[in-house]
Amino acid sequence: MTNFRNYLFGSALCGSLLLSLSLSAQTMPAPQADLPKNWHLMDLKADGYYGISLNNAYQFLKGKKSKTVLIATIDSGIDTTQTDLKSILWVNPKEIPGNGIDDDHNGYVDDVHGWDFLGGPAGKVDYTETTEEVREYNRLKPKYETLTTAPAGGEKEYAYWLKVKTTHDATVGKSSAELQQVGPMMNGLMVTSGYIKRELKLSPSATFAKADVEKIPTSTNDTITQSKGLWLSMFEQINGDNAKVIKEVGEYFAKLNNDVNPDLTSRKTIVGDNPDVQDGKSYGNNILKMPDASHGTGVAGLMGAVRGNGYGIDGVADNVRIMAIKAVPNGDEYDKDIANAIRYAVDNGAKVVNMSFGKKISPHKDWVDAAFKYAASKDVLLVQASGNDNLDVDVTPEFPNDTFADGSVTDADNVISVGASSAKPDENLAATFTNYGKKNVDVFAPGVKVTSIDKDAETMTEDGTSFSSPITAGIAALLLEYYPTLSAKQLKQVILASATPLTGTMVFKPGSKTDKVDFTTLSKTGGIINAYKAVQLASKLKGERK
């Protein structure tokens, strides 16, 4: 759940639209100062950034022995060749790589580093999907479109249809409007990249980055001035070169287009299963690196990228193995895949599972709830992103969540929901995009301009609760490395207790630039995770893991 949408609908978009309309030159917003790429690990008192005080935690742990912890990420896949990850990927000890045989008889052939629940035969992967409300709308439309009242005996499903239709109409309306903006933006980026290349005397196939654009001298040419301003604004939001910027904007365009003009056949034609039938049959493949693997790679890096190697970033935990499970497309995940992914992680020994995804409709919530309960029964901690829609999820829930459909649980002992915080303890401390909730969001963690590794030896700097969650999961793994007898319940208790309530800190309510609220009203703890306090607390506990 990186907050890519906010990148597109800020000053950069305005700049591209003005360019496309051939308006006169203007002054672009002054670039914001770059944050240290490791600010999320820093200490507020020592460094001035509201990170997680990780160096202090490691000083406290110095001299103590650690035990390797297996963690899992359910995400968009992973770059298995990434230098910061390849040496710490989980290797299934019972599987012989590449022999085409399910050696360990777990139903998954050659699952060496994990599994892809969006995969199909011949190496194909269903990685561009639509939203759940669009899928459900089209599934139920033939049955209910002409009805104005619930049919006898069908009251429950009809009420669900009305919810789906309302959500669908809002999503499609919003995506349609954004498409009208992203189209001109793509045109603006393509055209201005040509101007920049000519100004830099680059070949048409060459790429450029922020540092290159900054070298372009002040010009009296309005077109060059506008082009420079646009690209500097984009590079403030997306780390990489111009090709990466255009690629990410293009992927977002495809996502929006798949809401408005959905391809409802790709699941069947590529994966081949029925996502509305949980029959226990195996499906998917073992391909973890696909074009959309950036998100999952970044998430994995924050949890446990190799520390101290002078490359990429330092992960939070220093002695982990990472199991990669692909179940999140460029669109909404399927409940069936998430339920099966959680069970796969648990059955193969993961002790902490990160889940940086979410959606507005959950047609098979009972399947996911059962998987949550299964993880709890095996003492596995689930850490999830709260979401990026600046919603009060106490009022408007997103899925998955630990308020179970059967009413059995409203706050699971093994589930942590994480909101996103920014670098400075000021009125912008709560990220403008983050979901929040005094009951259903447990804690906040760094999630604004956080830098992690990317696929193909690159790095990325992004916003989103997608990055807040793995930072939190990394702390959980770190605790378990050094205090291996702590249960999932105790891990949650320690992490929440490490977050000192910021009583009296007035911040902009997410989604608003005028309304202020006390930071403590936005989550259960009212605070931000702190690794140093967490290890101190953990050292005093008697472990309950069986």
# chains A, B, ... in the order shown; residues from 1 in each chain; ligands from 1
$ residues_around --residues "range 299-308 of chain A" --least-positions-apart "6" --cutoff "7 Å" --atoms "only C-alpha atoms" --output "PyMOL selection string"
chain A and resi 73+84-85+314-318+320+452-453+467+470-471+473-474
$ select_by_dssp --residues "range 337-426 of chain A" --states "alpha helix (DSSP H)" --output "ChimeraX atom specification"
/A:337-347,365-377
$ write_last_selection --atoms "N, CA, C and O atoms" --output "compact mmCIF listing (two decimals), in the first residue's frame"
# COMPACT_ATOMS: atom_id res chain seq x y z
N ASP A 337 -6.50 -16.16 -2.26
CA ASP A 337 -5.04 -16.15 -2.31
C ASP A 337 -4.45 -15.74 -0.97
O ASP A 337 -3.44 -16.29 -0.52
N ILE A 338 -5.07 -14.74 -0.32
CA ILE A 338 -4.54 -14.28 0.96
C ILE A 338 -4.69 -15.36 2.02
O ILE A 338 -3.75 -15.62 2.80
N ALA A 339 -5.83 -16.01 2.06
CA ALA A 339 -6.03 -17.09 3.02
C ALA A 339 -5.01 -18.21 2.81
O ALA A 339 -4.40 -18.71 3.76
N ASN A 340 -4.81 -18.58 1.55
CA ASN A 340 -3.86 -19.65 1.26
C ASN A 340 -2.42 -19.21 1.51
O ASN A 340 -1.57 -20.01 1.93
N ALA A 341 -2.13 -17.94 1.25
CA ALA A 341 -0.77 -17.43 1.47
C ALA A 341 -0.43 -17.44 2.96
O ALA A 341 0.69 -17.80 3.34
N ILE A 342 -1.37 -17.04 3.79
CA ILE A 342 -1.13 -17.06 5.24
C ILE A 342 -0.87 -18.49 5.70
O ILE A 342 0.07 -18.77 6.47
N ARG A 343 -1.70 -19.42 5.25
CA ARG A 343 -1.53 -20.82 5.64
C ARG A 343 -0.19 -21.38 5.13
O ARG A 343 0.48 -22.15 5.83
N TYR A 344 0.20 -20.98 3.92
CA TYR A 344 1.49 -21.43 3.38
C TYR A 344 2.63 -20.94 4.27
O TYR A 344 3.54 -21.70 4.63
N ALA A 345 2.58 -19.66 4.64
CA ALA A 345 3.63 -19.10 5.48
C ALA A 345 3.71 -19.83 6.82
O ALA A 345 4.79 -20.19 7.29
N VAL A 346 2.56 -20.05 7.43
CA VAL A 346 2.51 -20.71 8.74
C VAL A 346 3.01 -22.15 8.64
O VAL A 346 3.84 -22.59 9.44
N ASP A 347 2.52 -22.86 7.65
CA ASP A 347 2.88 -24.27 7.51
C ASP A 347 4.36 -24.48 7.22
O ASP A 347 4.92 -25.54 7.52
N LYS A 365 -14.55 -13.08 3.43
CA LYS A 365 -13.86 -12.70 4.66
C LYS A 365 -13.70 -13.88 5.60
O LYS A 365 -12.70 -13.99 6.33
N ASP A 366 -14.68 -14.78 5.59
CA ASP A 366 -14.60 -15.93 6.50
C ASP A 366 -13.37 -16.79 6.22
O ASP A 366 -12.78 -17.37 7.14
N TRP A 367 -12.96 -16.87 4.95
CA TRP A 367 -11.76 -17.64 4.61
C TRP A 367 -10.52 -16.97 5.21
O TRP A 367 -9.65 -17.65 5.75
N VAL A 368 -10.44 -15.66 5.09
CA VAL A 368 -9.29 -14.94 5.61
C VAL A 368 -9.30 -14.95 7.14
O VAL A 368 -8.25 -15.14 7.78
N ASP A 369 -10.48 -14.79 7.73
CA ASP A 369 -10.59 -14.87 9.19
C ASP A 369 -10.09 -16.22 9.70
O ASP A 369 -9.37 -16.29 10.71
N ALA A 370 -10.46 -17.28 9.01
CA ALA A 370 -10.02 -18.62 9.42
C ALA A 370 -8.51 -18.75 9.33
O ALA A 370 -7.88 -19.39 10.20
N ALA A 371 -7.90 -18.11 8.32
CA ALA A 371 -6.44 -18.14 8.20
C ALA A 371 -5.79 -17.34 9.32
O ALA A 371 -4.74 -17.74 9.86
N PHE A 372 -6.40 -16.21 9.70
CA PHE A 372 -5.90 -15.43 10.83
C PHE A 372 -5.92 -16.30 12.10
O PHE A 372 -4.97 -16.30 12.89
N LYS A 373 -7.02 -17.00 12.29
CA LYS A 373 -7.15 -17.86 13.47
C LYS A 373 -6.13 -19.00 13.43
O LYS A 373 -5.57 -19.39 14.47
N TYR A 374 -5.88 -19.53 12.24
CA TYR A 374 -4.91 -20.60 12.10
C TYR A 374 -3.52 -20.09 12.48
O TYR A 374 -2.77 -20.78 13.20
N ALA A 375 -3.18 -18.88 12.04
CA ALA A 375 -1.89 -18.28 12.41
C ALA A 375 -1.79 -18.12 13.93
O ALA A 375 -0.75 -18.40 14.53
N ALA A 376 -2.88 -17.70 14.54
CA ALA A 376 -2.88 -17.54 16.00
C ALA A 376 -2.66 -18.87 16.70
O ALA A 376 -1.92 -18.95 17.69
N SER A 377 -3.28 -19.92 16.17
CA SER A 377 -3.14 -21.25 16.79
C SER A 377 -1.72 -21.78 16.71
O SER A 377 -1.31 -22.63 17.51
$ residues_around --residues "Ile238 in chain A" --least-positions-apart "6" --cutoff "8 Å" --atoms "only C-alpha atoms" --output "ChimeraX atom specification"
/A:7,245,460-462
$ write_last_selection --atoms "N, CA and C atoms" --output "PDB file, in the first residue's frame"
ATOM      1  N   TYR A   7       1.495  10.930  -5.236  1.00  0.00           N
ATOM      2  CA  TYR A   7       2.581  11.434  -6.063  1.00  0.00           C
ATOM      3  C   TYR A   7       2.031  12.141  -7.303  1.00  0.00           C
ATOM      4  N   VAL A 245      10.119   6.625 -13.625  1.00  0.00           N
ATOM      5  CA  VAL A 245       8.965   7.497 -13.398  1.00  0.00           C
ATOM      6  C   VAL A 245       7.864   7.184 -14.397  1.00  0.00           C
ATOM      7  N   MET A 460      14.272   2.839  -3.880  1.00  0.00           N
ATOM      8  CA  MET A 460      13.049   3.609  -4.064  1.00  0.00           C
ATOM      9  C   MET A 460      12.776   4.394  -2.794  1.00  0.00           C
ATOM     10  N   THR A 461      12.161   5.549  -2.962  1.00  0.00           N
ATOM     11  CA  THR A 461      11.718   6.343  -1.821  1.00  0.00           C
ATOM     12  C   THR A 461      10.234   6.613  -2.011  1.00  0.00           C
ATOM     13  N   GLU A 462       9.421   6.115  -1.091  1.00  0.00           N
ATOM     14  CA  GLU A 462       7.981   6.196  -1.280  1.00  0.00           C
ATOM     15  C   GLU A 462       7.266   6.498   0.036  1.00  0.00           C
TER      16      GLU A 462
END
$ closest_residue --among "A:Gln536, A:Thr403, A:Thr465, A:Thr520" --to "Val383 in chain A" --atoms "only C-alpha atoms"
A:Thr465
$ closest_residue --among "A:Gln82, A:Thr521, A:Asn286, A:Thr171" --to "Lys359 in chain A" --atoms "only C-alpha atoms"
A:Thr171
$ closest_residue --among "A:Asp335, A:Asp102, A:Asp463, A:Asp426" --to "Lys516 in chain A" --atoms "only C-alpha atoms"
A:Asp426
$ residues_around --residues "Leu502 in chain A" --least-positions-apart "6" --cutoff "10 Å" --atoms "only C-alpha atoms" --output "PyMOL selection string"
chain A and resi 425+518-521+525-528
$ residues_around --residues "Gly77 in chain A" --least-positions-apart "3" --cutoff "6 Å" --atoms "only C-alpha atoms" --output "list in words"
Leu288, Lys289, Ala293, Gly296 and Lys326 of chain A
$ residues_around --residues "Ala538 in chain A" --least-positions-apart "6" --cutoff "12 Å" --atoms "only C-alpha atoms" --output "CSV table (one decimal) with C-alpha atoms, in the first residue's frame"
chain,number,residue,atom,x,y,z
A,57,ALA,CA,18.3,-0.9,20.3
A,60,PHE,CA,21.4,-2.5,24.1
A,61,LEU,CA,21.6,-5.9,22.4
A,475,ILE,CA,11.1,-4.9,15.0
A,476,ALA,CA,9.0,-8.0,15.8
A,478,LEU,CA,14.4,-8.5,15.9
A,479,LEU,CA,12.7,-9.1,19.3
A,480,LEU,CA,12.2,-12.8,18.4
A,481,GLU,CA,15.8,-13.1,17.3
A,482,TYR,CA,17.1,-12.1,20.7
A,483,TYR,CA,14.1,-13.2,22.9
A,484,PRO,CA,13.0,-16.4,21.0
A,485,THR,CA,10.6,-17.5,23.7
A,486,LEU,CA,8.3,-14.5,23.3
A,487,SER,CA,4.9,-15.5,22.0
A,490,GLN,CA,3.8,-10.9,23.8
A,491,LEU,CA,5.4,-9.5,20.6
A,492,LYS,CA,2.3,-7.4,20.0
A,493,GLN,CA,2.2,-6.3,23.6
A,494,VAL,CA,5.8,-5.2,23.6
A,495,ILE,CA,5.6,-3.3,20.3
A,496,LEU,CA,2.5,-1.5,21.4
A,497,ALA,CA,3.9,-0.7,24.8
A,498,SER,CA,7.0,0.8,23.1
A,531,ALA,CA,12.8,-0.4,18.8
A,532,TYR,CA,15.0,0.7,21.7
A,544,GLU,CA,5.3,-17.8,26.8
$ closest_residue --among "A:Thr396, A:Thr68, A:Thr131, A:Ser282" --to "Ala350 in chain A" --atoms "only C-alpha atoms"
A:Thr68
$ closest_residue --among "A:Gly284, A:Gly358, A:Gly183, A:Gly194" --to "Pro121 in chain A" --atoms "only C-alpha atoms"
A:Gly284
$ select_by_dssp --residues "range 255-461 of chain A" --states "strand (DSSP E)" --output "VMD selection string"
chain A and resid 320 to 326 352 to 355 381 to 385 415 to 421 443 to 446 450 to 453 459 to 461
$ residues_around --residues "Leu179 in chain A" --least-positions-apart "6" --cutoff "9 Å" --atoms "only C-alpha atoms" --output "PDB file with C-alpha atoms, in the first residue's frame"
ATOM      1  CA  PHE A 253      -2.725   4.350 -15.588  1.00  0.00           C
ATOM      2  CA  LEU A 256      -7.149   2.960 -13.261  1.00  0.00           C
ATOM      3  CA  ASN A 257      -8.076   1.716 -16.705  1.00  0.00           C
TER       4      ASN A 257
END
$ closest_residue --among "A:Ile88, A:Met186, A:Met506, A:Leu264" --to "Asn428 in chain A" --atoms "only C-alpha atoms"
A:Met506
$ atom_distance --atom1 "CA of Pro262 in chain A" --atom2 "CA of Lys163 in chain A"
19.4 Å
